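J.: Just so it is clear, I am handing over target33.cif, which has mmCIF, N, CA and C atoms.
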```cif
data_model
loop_
_atom_site.label_atom_id
_atom_site.label_comp_id
_atom_site.auth_asym_id
_atom_site.auth_seq_id
_atom_site.Cartn_x
_atom_site.Cartn_y
_atom_site.Cartn_z
N LYS P 726 0.85 -1.18 0.00
CA LYS P 726 0.00 0.00 0.00
C LYS P 726 0.89 1.23 0.00
N SER P 727 0.61 2.16 -0.91
CA SER P 727 1.45 3.35 -1.03
C SER P 727 0.95 4.46 -0.13
N LEU P 728 1.81 5.47 0.03
CA LEU P 728 1.45 6.65 0.80
C LEU P 728 0.21 7.31 0.22
N VAL P 729 0.17 7.40 -1.10
CA VAL P 729 -0.97 8.05 -1.75
C VAL P 729 -2.24 7.25 -1.53
N ASP P 730 -2.17 5.92 -1.59
CA ASP P 730 -3.35 5.08 -1.35
C ASP P 730 -3.90 5.30 0.05
N SER P 731 -3.01 5.42 1.01
CA SER P 731 -3.46 5.52 2.40
C SER P 731 -4.06 6.87 2.74
N VAL P 732 -3.85 7.88 1.90
CA VAL P 732 -4.44 9.18 2.16
C VAL P 732 -5.42 9.60 1.06
N SER P 733 -5.89 8.64 0.31
CA SER P 733 -6.75 8.96 -0.84
C SER P 733 -8.07 9.61 -0.44
N ALA P 734 -8.50 9.46 0.80
CA ALA P 734 -9.75 10.06 1.24
C ALA P 734 -9.61 11.57 1.49
N ILE P 735 -8.38 12.06 1.58
CA ILE P 735 -8.14 13.49 1.77
C ILE P 735 -8.34 14.20 0.44
N ARG P 736 -8.93 15.37 0.49
CA ARG P 736 -9.24 16.09 -0.74
C ARG P 736 -8.01 16.65 -1.45
N LYS P 737 -7.00 17.03 -0.71
CA LYS P 737 -5.81 17.63 -1.32
C LYS P 737 -4.58 16.88 -0.85
N VAL P 738 -3.85 16.31 -1.79
CA VAL P 738 -2.63 15.58 -1.46
C VAL P 738 -1.48 16.26 -2.20
N VAL P 739 -0.55 16.80 -1.42
CA VAL P 739 0.62 17.47 -1.96
C VAL P 739 1.81 16.55 -1.77
N ILE P 740 2.50 16.25 -2.87
CA ILE P 740 3.70 15.42 -2.81
C ILE P 740 4.90 16.34 -2.98
N ASP P 741 5.73 16.42 -1.94
CA ASP P 741 6.93 17.25 -1.98
C ASP P 741 8.14 16.34 -1.88
N VAL P 742 8.83 16.17 -2.99
CA VAL P 742 10.01 15.31 -3.02
C VAL P 742 11.28 16.13 -3.25
N SER P 743 11.19 17.43 -3.03
CA SER P 743 12.31 18.32 -3.31
C SER P 743 13.55 18.01 -2.47
N CYS P 744 13.39 17.30 -1.39
CA CYS P 744 14.54 16.95 -0.55
C CYS P 744 15.30 15.72 -1.06
N PHE P 745 14.73 15.01 -2.02
CA PHE P 745 15.38 13.82 -2.58
C PHE P 745 16.20 14.22 -3.80
N THR P 746 17.32 14.87 -3.56
CA THR P 746 18.09 15.52 -4.62
C THR P 746 18.69 14.57 -5.65
N ALA P 747 18.80 13.29 -5.35
CA ALA P 747 19.36 12.34 -6.30
C ALA P 747 18.28 11.59 -7.09
N LEU P 748 17.03 11.97 -6.90
CA LEU P 748 15.91 11.29 -7.56
C LEU P 748 15.99 11.47 -9.07
N GLU P 749 15.90 10.37 -9.81
CA GLU P 749 15.93 10.41 -11.27
C GLU P 749 14.57 10.13 -11.89
N LYS P 750 13.71 9.42 -11.18
CA LYS P 750 12.42 9.03 -11.75
C LYS P 750 11.35 9.11 -10.67
N LEU P 751 10.24 9.76 -11.01
CA LEU P 751 9.12 9.85 -10.09
C LEU P 751 7.85 9.52 -10.86
N GLU P 752 7.16 8.47 -10.42
CA GLU P 752 5.92 8.07 -11.07
C GLU P 752 4.78 8.11 -10.06
N LEU P 753 3.86 8.99 -10.31
CA LEU P 753 2.67 9.14 -9.46
C LEU P 753 1.41 8.86 -10.27
N ASP P 754 1.57 8.29 -11.45
CA ASP P 754 0.44 8.01 -12.34
C ASP P 754 -0.67 7.23 -11.63
N ASN P 755 -1.90 7.50 -12.07
CA ASN P 755 -3.09 6.78 -11.58
C ASN P 755 -3.38 7.00 -10.11
N ASN P 756 -3.05 8.17 -9.61
CA ASN P 756 -3.35 8.55 -8.22
C ASN P 756 -4.15 9.85 -8.25
N ARG P 757 -5.45 9.72 -8.48
CA ARG P 757 -6.34 10.88 -8.62
C ARG P 757 -6.31 11.79 -7.39
N GLY P 758 -5.94 11.27 -6.24
CA GLY P 758 -5.90 12.09 -5.03
C GLY P 758 -4.77 13.09 -5.01
N VAL P 759 -3.75 12.89 -5.83
CA VAL P 759 -2.62 13.81 -5.85
C VAL P 759 -3.02 15.09 -6.58
N THR P 760 -2.93 16.22 -5.88
CA THR P 760 -3.33 17.50 -6.45
C THR P 760 -2.15 18.41 -6.76
N GLU P 761 -1.03 18.21 -6.08
CA GLU P 761 0.16 19.03 -6.31
C GLU P 761 1.40 18.18 -6.16
N VAL P 762 2.44 18.54 -6.92
CA VAL P 762 3.73 17.86 -6.79
C VAL P 762 4.83 18.92 -6.86
N ASN P 763 5.77 18.85 -5.92
CA ASN P 763 6.88 19.79 -5.87
C ASN P 763 8.17 19.05 -6.21
N VAL P 764 8.74 19.37 -7.37
CA VAL P 764 9.98 18.75 -7.81
C VAL P 764 11.09 19.80 -7.96
N LYS P 765 10.91 20.93 -7.33
CA LYS P 765 11.87 22.04 -7.46
C LYS P 765 13.26 21.64 -6.97
N GLY P 766 14.24 21.97 -7.77
CA GLY P 766 15.63 21.75 -7.41
C GLY P 766 16.15 20.35 -7.63
N LEU P 767 15.34 19.48 -8.21
CA LEU P 767 15.79 18.11 -8.46
C LEU P 767 16.56 18.08 -9.78
N THR P 768 17.83 18.40 -9.71
CA THR P 768 18.64 18.55 -10.91
C THR P 768 18.93 17.24 -11.62
N THR P 769 18.73 16.10 -10.95
CA THR P 769 18.98 14.80 -11.58
C THR P 769 17.70 14.15 -12.12
N LEU P 770 16.55 14.77 -11.89
CA LEU P 770 15.28 14.18 -12.34
C LEU P 770 15.23 14.10 -13.86
N LYS P 771 14.94 12.89 -14.37
CA LYS P 771 14.87 12.66 -15.81
C LYS P 771 13.46 12.33 -16.28
N HIS P 772 12.66 11.72 -15.41
CA HIS P 772 11.33 11.24 -15.80
C HIS P 772 10.32 11.62 -14.72
N LEU P 773 9.20 12.22 -15.14
CA LEU P 773 8.13 12.59 -14.21
C LEU P 773 6.82 12.08 -14.77
N GLY P 774 6.16 11.21 -14.03
CA GLY P 774 4.86 10.67 -14.43
C GLY P 774 3.77 11.16 -13.51
N ILE P 775 2.91 12.03 -14.01
CA ILE P 775 1.79 12.53 -13.22
C ILE P 775 0.47 12.43 -14.00
N GLY P 776 0.41 11.45 -14.88
CA GLY P 776 -0.81 11.23 -15.64
C GLY P 776 -1.90 10.61 -14.77
N TYR P 777 -3.12 10.94 -15.07
CA TYR P 777 -4.28 10.43 -14.31
C TYR P 777 -4.18 10.79 -12.83
N THR P 778 -3.69 12.02 -12.57
CA THR P 778 -3.71 12.60 -11.23
C THR P 778 -4.60 13.83 -11.30
N SER P 779 -4.69 14.56 -10.21
CA SER P 779 -5.45 15.81 -10.21
C SER P 779 -4.53 17.02 -10.25
N VAL P 780 -3.29 16.82 -10.64
CA VAL P 780 -2.32 17.91 -10.74
C VAL P 780 -2.69 18.79 -11.94
N LYS P 781 -2.89 20.07 -11.69
CA LYS P 781 -3.28 21.02 -12.75
C LYS P 781 -2.08 21.80 -13.27
N THR P 782 -1.05 22.00 -12.43
CA THR P 782 0.13 22.77 -12.81
C THR P 782 1.35 22.11 -12.19
N VAL P 783 2.44 22.04 -12.97
CA VAL P 783 3.71 21.53 -12.44
C VAL P 783 4.83 22.43 -12.95
N ASP P 784 5.71 22.83 -12.05
CA ASP P 784 6.83 23.70 -12.39
C ASP P 784 8.10 22.85 -12.47
N VAL P 785 8.66 22.75 -13.67
CA VAL P 785 9.87 21.96 -13.88
C VAL P 785 11.04 22.84 -14.31
N SER P 786 10.95 24.12 -14.01
CA SER P 786 11.97 25.07 -14.43
C SER P 786 13.32 24.84 -13.76
N THR P 787 13.34 24.12 -12.65
CA THR P 787 14.62 23.85 -11.95
C THR P 787 15.05 22.40 -12.10
N ASN P 788 14.60 21.76 -13.18
CA ASN P 788 14.94 20.36 -13.47
C ASN P 788 15.65 20.28 -14.82
N PRO P 789 16.93 20.67 -14.88
CA PRO P 789 17.63 20.80 -16.16
C PRO P 789 17.86 19.49 -16.90
N ASN P 790 17.82 18.36 -16.22
CA ASN P 790 18.06 17.08 -16.88
C ASN P 790 16.78 16.32 -17.22
N LEU P 791 15.64 16.97 -17.03
CA LEU P 791 14.36 16.33 -17.31
C LEU P 791 14.26 16.00 -18.80
N GLU P 792 13.93 14.75 -19.08
CA GLU P 792 13.81 14.28 -20.47
C GLU P 792 12.36 14.02 -20.87
N ARG P 793 11.54 13.57 -19.91
CA ARG P 793 10.19 13.14 -20.26
C ARG P 793 9.21 13.43 -19.13
N ILE P 794 8.03 13.91 -19.52
CA ILE P 794 6.92 14.13 -18.59
C ILE P 794 5.70 13.46 -19.17
N TYR P 795 5.01 12.68 -18.36
CA TYR P 795 3.70 12.16 -18.73
C TYR P 795 2.68 12.86 -17.84
N CYS P 796 1.70 13.50 -18.44
CA CYS P 796 0.72 14.24 -17.66
C CYS P 796 -0.63 14.26 -18.37
N ASN P 797 -1.62 14.81 -17.71
CA ASN P 797 -2.95 14.95 -18.30
C ASN P 797 -2.91 16.03 -19.37
N LYS P 798 -3.84 15.98 -20.29
CA LYS P 798 -3.86 16.96 -21.37
C LYS P 798 -4.15 18.37 -20.88
N ASP P 799 -4.77 18.51 -19.70
CA ASP P 799 -5.06 19.84 -19.17
C ASP P 799 -4.06 20.30 -18.11
N THR P 800 -2.98 19.55 -17.91
CA THR P 800 -1.95 19.96 -16.94
C THR P 800 -1.06 21.02 -17.56
N GLN P 801 -0.88 22.13 -16.86
CA GLN P 801 0.01 23.18 -17.32
C GLN P 801 1.43 22.86 -16.86
N VAL P 802 2.35 22.74 -17.81
CA VAL P 802 3.75 22.45 -17.51
C VAL P 802 4.52 23.75 -17.64
N ILE P 803 5.10 24.21 -16.54
CA ILE P 803 5.82 25.47 -16.51
C ILE P 803 7.33 25.23 -16.55
N GLY P 804 8.01 25.92 -17.43
CA GLY P 804 9.46 25.93 -17.44
C GLY P 804 10.15 24.76 -18.10
N ALA P 805 9.43 23.97 -18.88
CA ALA P 805 10.06 22.82 -19.56
C ALA P 805 10.89 23.32 -20.73
N SER P 806 12.10 22.79 -20.86
CA SER P 806 12.92 23.16 -22.00
C SER P 806 12.35 22.54 -23.27
N SER P 807 12.80 23.02 -24.40
CA SER P 807 12.29 22.54 -25.68
C SER P 807 12.68 21.09 -25.97
N THR P 808 13.63 20.55 -25.21
CA THR P 808 14.07 19.18 -25.44
C THR P 808 13.27 18.15 -24.63
N VAL P 809 12.41 18.63 -23.74
CA VAL P 809 11.61 17.73 -22.90
C VAL P 809 10.46 17.15 -23.72
N SER P 810 10.33 15.84 -23.69
CA SER P 810 9.22 15.16 -24.35
C SER P 810 8.04 15.16 -23.38
N ILE P 811 6.90 15.69 -23.82
CA ILE P 811 5.71 15.74 -22.97
C ILE P 811 4.63 14.86 -23.59
N GLY P 812 4.31 13.78 -22.88
CA GLY P 812 3.23 12.91 -23.31
C GLY P 812 1.97 13.25 -22.55
N ARG P 813 0.89 13.45 -23.27
CA ARG P 813 -0.38 13.86 -22.62
C ARG P 813 -1.48 12.87 -22.95
N TRP P 814 -2.36 12.66 -21.97
CA TRP P 814 -3.57 11.87 -22.19
C TRP P 814 -4.67 12.35 -21.31
#
```
Go ahead and express the file in the form of structure tokens.

T.:
Amino acid sequence: KSLVDSVSAIRKVVIDVSCFTALEKLELDNNRGVTEVNVKGLTTLKHLGIGYTSVKTVDVSTNPNLERIYCNKDTQVIGASSTVSIGRW
């Protein structure tokens, strides 16, 4: 059972992983309870999966090594470089 599963009854779930500075991959897909994700300063992050969540905006301006984002079609992605592949559904 994941952290997100155990708090799914809460209306707003904020995931802050900014302290995990060596994180390369974060997948939160299929967790509708997740409303916000903070990945600021994760310079090693390469992959971010937030599809089928309730995240409306994500700021990746401080993630210079980000290669791929999977998100909902209505998620606003802020600060992504032109080399980032953004998959939407």

J.: Step by step, work through what the PyMOL selection byres ((chain P and resi 745) around 8) selects in the shown file, and finish by giving those residues as JSON, numbers by chain.

T.: {"P": [741, 742, 743, 744, 746, 747, 748, 749, 766, 767, 768, 769]}

J.: For the structure provided, state which residues fall under the PyMOL selection byres ((chain P and resi 778-793) around 5), and present them as a ChimeraX atom specification.

T.: /P:755-757,759-761,766-768,770-773,775-777,794-795,800-805,809-810

J.: Go ahead and save the residues from that selection, with N, CA and C atoms, as a PDB file, in the frame of the given file.

T.:
```pdb
ATOM      1  N   ASN P 755      -1.900   7.500 -12.070  1.00  0.00           N
ATOM      2  CA  ASN P 755      -3.090   6.780 -11.580  1.00  0.00           C
ATOM      3  C   ASN P 755      -3.380   7.000 -10.110  1.00  0.00           C
ATOM      4  N   ASN P 756      -3.050   8.170  -9.610  1.00  0.00           N
ATOM      5  CA  ASN P 756      -3.350   8.550  -8.220  1.00  0.00           C
ATOM      6  C   ASN P 756      -4.150   9.850  -8.250  1.00  0.00           C
ATOM      7  N   ARG P 757      -5.450   9.720  -8.480  1.00  0.00           N
ATOM      8  CA  ARG P 757      -6.340  10.880  -8.620  1.00  0.00           C
ATOM      9  C   ARG P 757      -6.310  11.790  -7.390  1.00  0.00           C
ATOM     10  N   VAL P 759      -3.750  12.890  -5.830  1.00  0.00           N
ATOM     11  CA  VAL P 759      -2.620  13.810  -5.850  1.00  0.00           C
ATOM     12  C   VAL P 759      -3.020  15.090  -6.580  1.00  0.00           C
ATOM     13  N   THR P 760      -2.930  16.220  -5.880  1.00  0.00           N
ATOM     14  CA  THR P 760      -3.330  17.500  -6.450  1.00  0.00           C
ATOM     15  C   THR P 760      -2.150  18.410  -6.760  1.00  0.00           C
ATOM     16  N   GLU P 761      -1.030  18.210  -6.080  1.00  0.00           N
ATOM     17  CA  GLU P 761       0.160  19.030  -6.310  1.00  0.00           C
ATOM     18  C   GLU P 761       1.400  18.180  -6.160  1.00  0.00           C
ATOM     19  N   GLY P 766      14.240  21.970  -7.770  1.00  0.00           N
ATOM     20  CA  GLY P 766      15.630  21.750  -7.410  1.00  0.00           C
ATOM     21  C   GLY P 766      16.150  20.350  -7.630  1.00  0.00           C
ATOM     22  N   LEU P 767      15.340  19.480  -8.210  1.00  0.00           N
ATOM     23  CA  LEU P 767      15.790  18.110  -8.460  1.00  0.00           C
ATOM     24  C   LEU P 767      16.560  18.080  -9.780  1.00  0.00           C
ATOM     25  N   THR P 768      17.830  18.400  -9.710  1.00  0.00           N
ATOM     26  CA  THR P 768      18.640  18.550 -10.910  1.00  0.00           C
ATOM     27  C   THR P 768      18.930  17.240 -11.620  1.00  0.00           C
ATOM     28  N   LEU P 770      16.550  14.770 -11.890  1.00  0.00           N
ATOM     29  CA  LEU P 770      15.280  14.180 -12.340  1.00  0.00           C
ATOM     30  C   LEU P 770      15.230  14.100 -13.860  1.00  0.00           C
ATOM     31  N   LYS P 771      14.940  12.890 -14.370  1.00  0.00           N
ATOM     32  CA  LYS P 771      14.870  12.660 -15.810  1.00  0.00           C
ATOM     33  C   LYS P 771      13.460  12.330 -16.280  1.00  0.00           C
ATOM     34  N   HIS P 772      12.660  11.720 -15.410  1.00  0.00           N
ATOM     35  CA  HIS P 772      11.330  11.240 -15.800  1.00  0.00           C
ATOM     36  C   HIS P 772      10.320  11.620 -14.720  1.00  0.00           C
ATOM     37  N   LEU P 773       9.200  12.220 -15.140  1.00  0.00           N
ATOM     38  CA  LEU P 773       8.130  12.590 -14.210  1.00  0.00           C
ATOM     39  C   LEU P 773       6.820  12.080 -14.770  1.00  0.00           C
ATOM     40  N   ILE P 775       2.910  12.030 -14.010  1.00  0.00           N
ATOM     41  CA  ILE P 775       1.790  12.530 -13.220  1.00  0.00           C
ATOM     42  C   ILE P 775       0.470  12.430 -14.000  1.00  0.00           C
ATOM     43  N   GLY P 776       0.410  11.450 -14.880  1.00  0.00           N
ATOM     44  CA  GLY P 776      -0.810  11.230 -15.640  1.00  0.00           C
ATOM     45  C   GLY P 776      -1.900  10.610 -14.770  1.00  0.00           C
ATOM     46  N   TYR P 777      -3.120  10.940 -15.070  1.00  0.00           N
ATOM     47  CA  TYR P 777      -4.280  10.430 -14.310  1.00  0.00           C
ATOM     48  C   TYR P 777      -4.180  10.790 -12.830  1.00  0.00           C
ATOM     49  N   ILE P 794       8.030  13.910 -19.520  1.00  0.00           N
ATOM     50  CA  ILE P 794       6.920  14.130 -18.590  1.00  0.00           C
ATOM     51  C   ILE P 794       5.700  13.460 -19.170  1.00  0.00           C
ATOM     52  N   TYR P 795       5.010  12.680 -18.360  1.00  0.00           N
ATOM     53  CA  TYR P 795       3.700  12.160 -18.730  1.00  0.00           C
ATOM     54  C   TYR P 795       2.680  12.860 -17.840  1.00  0.00           C
ATOM     55  N   THR P 800      -2.980  19.550 -17.910  1.00  0.00           N
ATOM     56  CA  THR P 800      -1.950  19.960 -16.940  1.00  0.00           C
ATOM     57  C   THR P 800      -1.060  21.020 -17.560  1.00  0.00           C
ATOM     58  N   GLN P 801      -0.880  22.130 -16.860  1.00  0.00           N
ATOM     59  CA  GLN P 801       0.010  23.180 -17.320  1.00  0.00           C
ATOM     60  C   GLN P 801       1.430  22.860 -16.860  1.00  0.00           C
ATOM     61  N   VAL P 802       2.350  22.740 -17.810  1.00  0.00           N
ATOM     62  CA  VAL P 802       3.750  22.450 -17.510  1.00  0.00           C
ATOM     63  C   VAL P 802       4.520  23.750 -17.640  1.00  0.00           C
ATOM     64  N   ILE P 803       5.100  24.210 -16.540  1.00  0.00           N
ATOM     65  CA  ILE P 803       5.820  25.470 -16.510  1.00  0.00           C
ATOM     66  C   ILE P 803       7.330  25.230 -16.550  1.00  0.00           C
ATOM     67  N   GLY P 804       8.010  25.920 -17.430  1.00  0.00           N
ATOM     68  CA  GLY P 804       9.460  25.930 -17.440  1.00  0.00           C
ATOM     69  C   GLY P 804      10.150  24.760 -18.100  1.00  0.00           C
ATOM     70  N   ALA P 805       9.430  23.970 -18.880  1.00  0.00           N
ATOM     71  CA  ALA P 805      10.060  22.820 -19.560  1.00  0.00           C
ATOM     72  C   ALA P 805      10.890  23.320 -20.730  1.00  0.00           C
ATOM     73  N   VAL P 809      12.410  18.630 -23.740  1.00  0.00           N
ATOM     74  CA  VAL P 809      11.610  17.730 -22.900  1.00  0.00           C
ATOM     75  C   VAL P 809      10.460  17.150 -23.720  1.00  0.00           C
ATOM     76  N   SER P 810      10.330  15.840 -23.690  1.00  0.00           N
ATOM     77  CA  SER P 810       9.220  15.160 -24.350  1.00  0.00           C
ATOM     78  C   SER P 810       8.040  15.160 -23.380  1.00  0.00           C
TER      79      SER P 810
END
```

J.: Could you work out how far atom CA of Asp799 of chain P lies from atom N of Val739 of chain P, giving the answer in Å with one decimal?

T.: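 Straight-line distance from atom N of Val739 of chain P to atom CA of Asp799 of chain P works out to 18.6 Å.
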
J.: Please return as an MDAnalysis selection string: the residues of segment 731-809 of chain P that backbone DSSP assigns to strand (DSSP E).

T.: chainID P and resid 738:741 750:752 759:763 772:774 782:784 793:796 801:803

J.: So how far away is atom C of Gly812 of chain P from atom CA of Lys737 of chain P, in Å?

T.: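 Calculated distance between atom CA of Lys737 of chain P and atom C of Gly812 of chain P is 23.0 Å.
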
J.: Quick check, in Å to one decimal: how far apart do atom N of Val764 of chain P and atom CA of Glu752 of chain P lie?

T.: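 For atom N of Val764 of chain P relative to atom CA of Glu752 of chain P, the distance reads 12.2 Å.
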
J.: Give as an MDAnalysis selection string every residue, naming chains and numbers as the document does, that has an atom within 6 Å of (-2.6, 13.2, -21.7), counting all atoms listed in the file.

T.: chainID P and resid 796:798 812:814

J.: Select from chain P everything DSSP, run on the backbone, classes as helix (DSSP H, G or I), then give the selection as JSON, numbers by chain.

T.: {"P": [728, 729, 730, 731]}

J.: Please report, as AutoDock Vina command-line options, the centre and edge lengths in Å to one decimal of an axis-aligned box covering all listed atoms of segment 737-741 of chain P with 8 Å per side.

T.:
```
--center_x 0.6 --center_y 16.5 --center_z -1.8 --size_x 31.1 --size_y 18.2 --size_z 18.3
```
